[in-house]
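**Student:** My questions all concern the structure below.
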Amino acid sequence: MNDKTKITDATYGNDLSGLKLDKNKTYNASEVYFYEAQNILKASIDYLSTIPNKKSAPFDYDFFLKLHKEMFGDVWDWAGKMRIVELNFGVKAYLVNAEVKKLADDLHFWKSNKSFDTIEIAARLHHRAVAIHPFLNGNGRWSRMLANIYLKQNGLEPTKWNENLLAKKNIHRGDYIQALKQADNGNYKPLIKMQGNMINK
Ligand SMILES: Nc1ncnc2c1ncn2[C@@H]1O[C@H](COP(=O)(O)OP(=O)(O)O)[C@@H](O)[C@H]1O
Ligand SMILES: [Mg+2]
């Protein structure tokens, strides 16, 4: 594959406006992904190297946005800002704000009422977050990180998603997308299995 090919992902294509890297250089998809990965690594160290407390990871509306900014803010100027454009995935742009708030409320409800066990809550959080698709890009990596921080905060190990530099080449990607689609239809079992690292062992 030619590296200059478009990032033909679910959403944002290869629009490089908003890129905070050197404006005088051109970057291909892999290079951008690499800078994003470096940025995300910093966020992983911040949140996952010790057990994140409620103060640093309160799982409220502001934290949801802040985490995206921490993961992508070195690379994109729209990091942490909810999109105002329509994508071919996710809820309508005018609903994003309300849906993110609702997710924060639902998460709080699930936890305080023990509606589901911790892995299922993480899977539901991940699925709902990515189904909303609040941002122009990075929604998948952000929603998996959210779930991982949740797991870690609640005494479990983060899920190993086999992230690689271009996730669409990941051999488990097809199964993963299928699991998300099944969750869309109310069947969370496949995603829970993956979220709990119970697959491919
Ligand atoms: N057909 C689909 N059904 C459900 N979820 C999908 C589908 N396609 C993509 N996704 C989710 O959206 C993510 C891609 O969205 P994107 O904003 O590009 O995130 P990232 O840039 O982190 O990969 C995937 O990782 C997956 O979580
Ligand atoms: Mg993407």
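Ligands are numbered from 1 in the order shown, chains are lettered A, B, ... in the order of the structure tokens, and residues start at 1 in each chain.
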What lies within 9 Å of Met82 in chain A using only C-alpha atoms, ignoring chain neighbours under 6 positions off, as a list in words?

**Tutor:**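 Using only C-alpha atoms, the neighbours found are Leu65, Ala93, Val96, Asn97, His133, Pro134, Phe135 and Leu136 of chain A.
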
**Student:** Using only C-alpha atoms, which residues sit within 12 Å of Trp110 in chain A once same-chain residues fewer than 6 positions away are excluded, as number ranges by chain?

**Tutor:** A: 103-104, 116-122, 124-125

**Student:** For Tyr94 in chain A, please output as number ranges by chain all residues within 12 Å (counting only C-alpha atoms; exclusion window: fewer than 6 positions along the same chain).

**Tutor:** A: 82-87, 100, 132, 134

**Student:** Looking at only C-alpha atoms, which of A:Gln38, A:Asn113, A:Asn137, A:Asn170 is the one that sits closest to Asp77 in chain A?

**Tutor:**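 Using only C-alpha atoms, Asp77 in chain A sits closest to A:Asn137.
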
**Student:** Ranking A:Tyr176, A:Tyr47, A:Phe109, A:Tyr35 by minimum distance to ligand 1 and counting only C-alpha atoms and all ligand atoms, which one comes first?

**Tutor:**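 Ranked by minimum distance to ligand 1, first place goes to A:Tyr176.
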
**Student:** Find the spatial neighbours of Pro58 in chain A, counting only C-alpha atoms, within a cut-off of 12 Å - ignore same-chain residues fewer than 6 positions away - and output them as JSON, numbers by chain.

**Tutor:** {"A": [47, 52, 64, 65, 66, 67, 104, 105, 107, 108, 146, 149, 150, 153]}

**Student:** Next, write the just-selected residues to a file, as a PDB file, in the first residue's frame, keeping N, CA and C atoms as the atom set.

**Tutor:**
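Full text of part.pdb as output:
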ATOM      1  N   TYR A  47      -2.458   7.653  33.278  1.00  0.00           N
ATOM      2  CA  TYR A  47      -3.650   7.039  33.860  1.00  0.00           C
ATOM      3  C   TYR A  47      -3.496   5.577  34.247  1.00  0.00           C
ATOM      4  N   PRO A  52      -5.717   4.855  38.888  1.00  0.00           N
ATOM      5  CA  PRO A  52      -6.192   6.245  38.816  1.00  0.00           C
ATOM      6  C   PRO A  52      -7.293   6.501  39.842  1.00  0.00           C
ATOM      7  N   PHE A  64     -14.469  13.124  30.237  1.00  0.00           N
ATOM      8  CA  PHE A  64     -14.561  12.465  28.923  1.00  0.00           C
ATOM      9  C   PHE A  64     -13.870  13.310  27.843  1.00  0.00           C
ATOM     10  N   LEU A  65     -14.119  14.610  27.884  1.00  0.00           N
ATOM     11  CA  LEU A  65     -13.517  15.492  26.871  1.00  0.00           C
ATOM     12  C   LEU A  65     -12.024  15.699  27.145  1.00  0.00           C
ATOM     13  N   LYS A  66     -11.711  15.856  28.426  1.00  0.00           N
ATOM     14  CA  LYS A  66     -10.314  16.119  28.814  1.00  0.00           C
ATOM     15  C   LYS A  66      -9.411  14.960  28.384  1.00  0.00           C
ATOM     16  N   LEU A  67      -9.923  13.743  28.555  1.00  0.00           N
ATOM     17  CA  LEU A  67      -9.107  12.579  28.195  1.00  0.00           C
ATOM     18  C   LEU A  67      -8.769  12.598  26.701  1.00  0.00           C
ATOM     19  N   ALA A 104     -22.343   9.810  30.812  1.00  0.00           N
ATOM     20  CA  ALA A 104     -21.738  10.020  32.136  1.00  0.00           C
ATOM     21  C   ALA A 104     -22.755   9.699  33.232  1.00  0.00           C
ATOM     22  N   ASP A 105     -24.003  10.137  33.040  1.00  0.00           N
ATOM     23  CA  ASP A 105     -25.057   9.849  34.033  1.00  0.00           C
ATOM     24  C   ASP A 105     -25.341   8.350  34.115  1.00  0.00           C
ATOM     25  N   LEU A 107     -23.402   5.869  33.332  1.00  0.00           N
ATOM     26  CA  LEU A 107     -22.267   5.174  33.945  1.00  0.00           C
ATOM     27  C   LEU A 107     -22.348   5.275  35.469  1.00  0.00           C
ATOM     28  N   HIS A 108     -22.636   6.462  35.936  1.00  0.00           N
ATOM     29  CA  HIS A 108     -22.770   6.682  37.378  1.00  0.00           C
ATOM     30  C   HIS A 108     -23.883   5.776  37.951  1.00  0.00           C
ATOM     31  N   LEU A 146     -10.878   4.932  27.750  1.00  0.00           N
ATOM     32  CA  LEU A 146     -11.860   5.190  28.810  1.00  0.00           C
ATOM     33  C   LEU A 146     -12.177   3.899  29.564  1.00  0.00           C
ATOM     34  N   ILE A 149      -9.234   2.712  31.668  1.00  0.00           N
ATOM     35  CA  ILE A 149      -9.052   3.476  32.906  1.00  0.00           C
ATOM     36  C   ILE A 149     -10.119   3.046  33.923  1.00  0.00           C
ATOM     37  N   TYR A 150     -11.327   2.814  33.409  1.00  0.00           N
ATOM     38  CA  TYR A 150     -12.409   2.357  34.294  1.00  0.00           C
ATOM     39  C   TYR A 150     -12.047   1.012  34.937  1.00  0.00           C
ATOM     40  N   GLN A 153      -9.277   1.534  37.500  1.00  0.00           N
ATOM     41  CA  GLN A 153      -9.768   2.219  38.707  1.00  0.00           C
ATOM     42  C   GLN A 153     -10.574   1.271  39.600  1.00  0.00           C
TER      43      GLN A 153
END

**Student:** I'd like to know which of A:His126, A:Lys54, A:Arg141, A:Lys160 is closest to Ala183 in chain A, using only C-alpha atoms.

**Tutor:**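 The answer is A:His126, which sits nearest to Ala183 in chain A.
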
**Student:** So which one's closest to ligand 2, A:Gly196, A:Asp15, A:Leu95, A:Thr159? Using only C-alpha atoms and all ligand atoms, please.

**Tutor:**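 Of all the options, A:Asp15 lies closest to ligand 2.
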
**Student:** Taking only C-alpha atoms and all ligand atoms into account, name the residue in A:Lys152, A:Arg144, A:Lys102, A:Lys55 that is nearest to ligand 1.

**Tutor:**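 That would be A:Arg144, the residue with the smallest distance to ligand 1.
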
**Student:** Expressed in Å to a single decimal, how great is the separation between CA of Leu19 in chain A and CA of Tyr33 in chain A?

**Tutor:**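 For CA of Leu19 in chain A relative to CA of Tyr33 in chain A, the distance reads 11.7 Å.
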
**Student:** Tell me which protein, DNA and RNA residues are within 12 Å of Val75 in chain A, counting only C-alpha atoms, leaving out same-chain ones fewer than 6 positions away, and put them as number ranges by chain.

**Tutor:** A: 16-23, 27, 31-40, 68-69, 137-138

**Student:** What does the distance between atom 20 (P, counted along the ligand's line) of ligand 1 and CA of Asn139 in chain A come to in Å, to one decimal place?

**Tutor:** 5.0 Å

**Student:** If you measure from atom 18 (O, counted along the ligand's line) of ligand 1 to CA of Ser44 in chain A, what distance in Å do you get, rounded to one decimal?

**Tutor:**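 It comes out at 18.7 Å.
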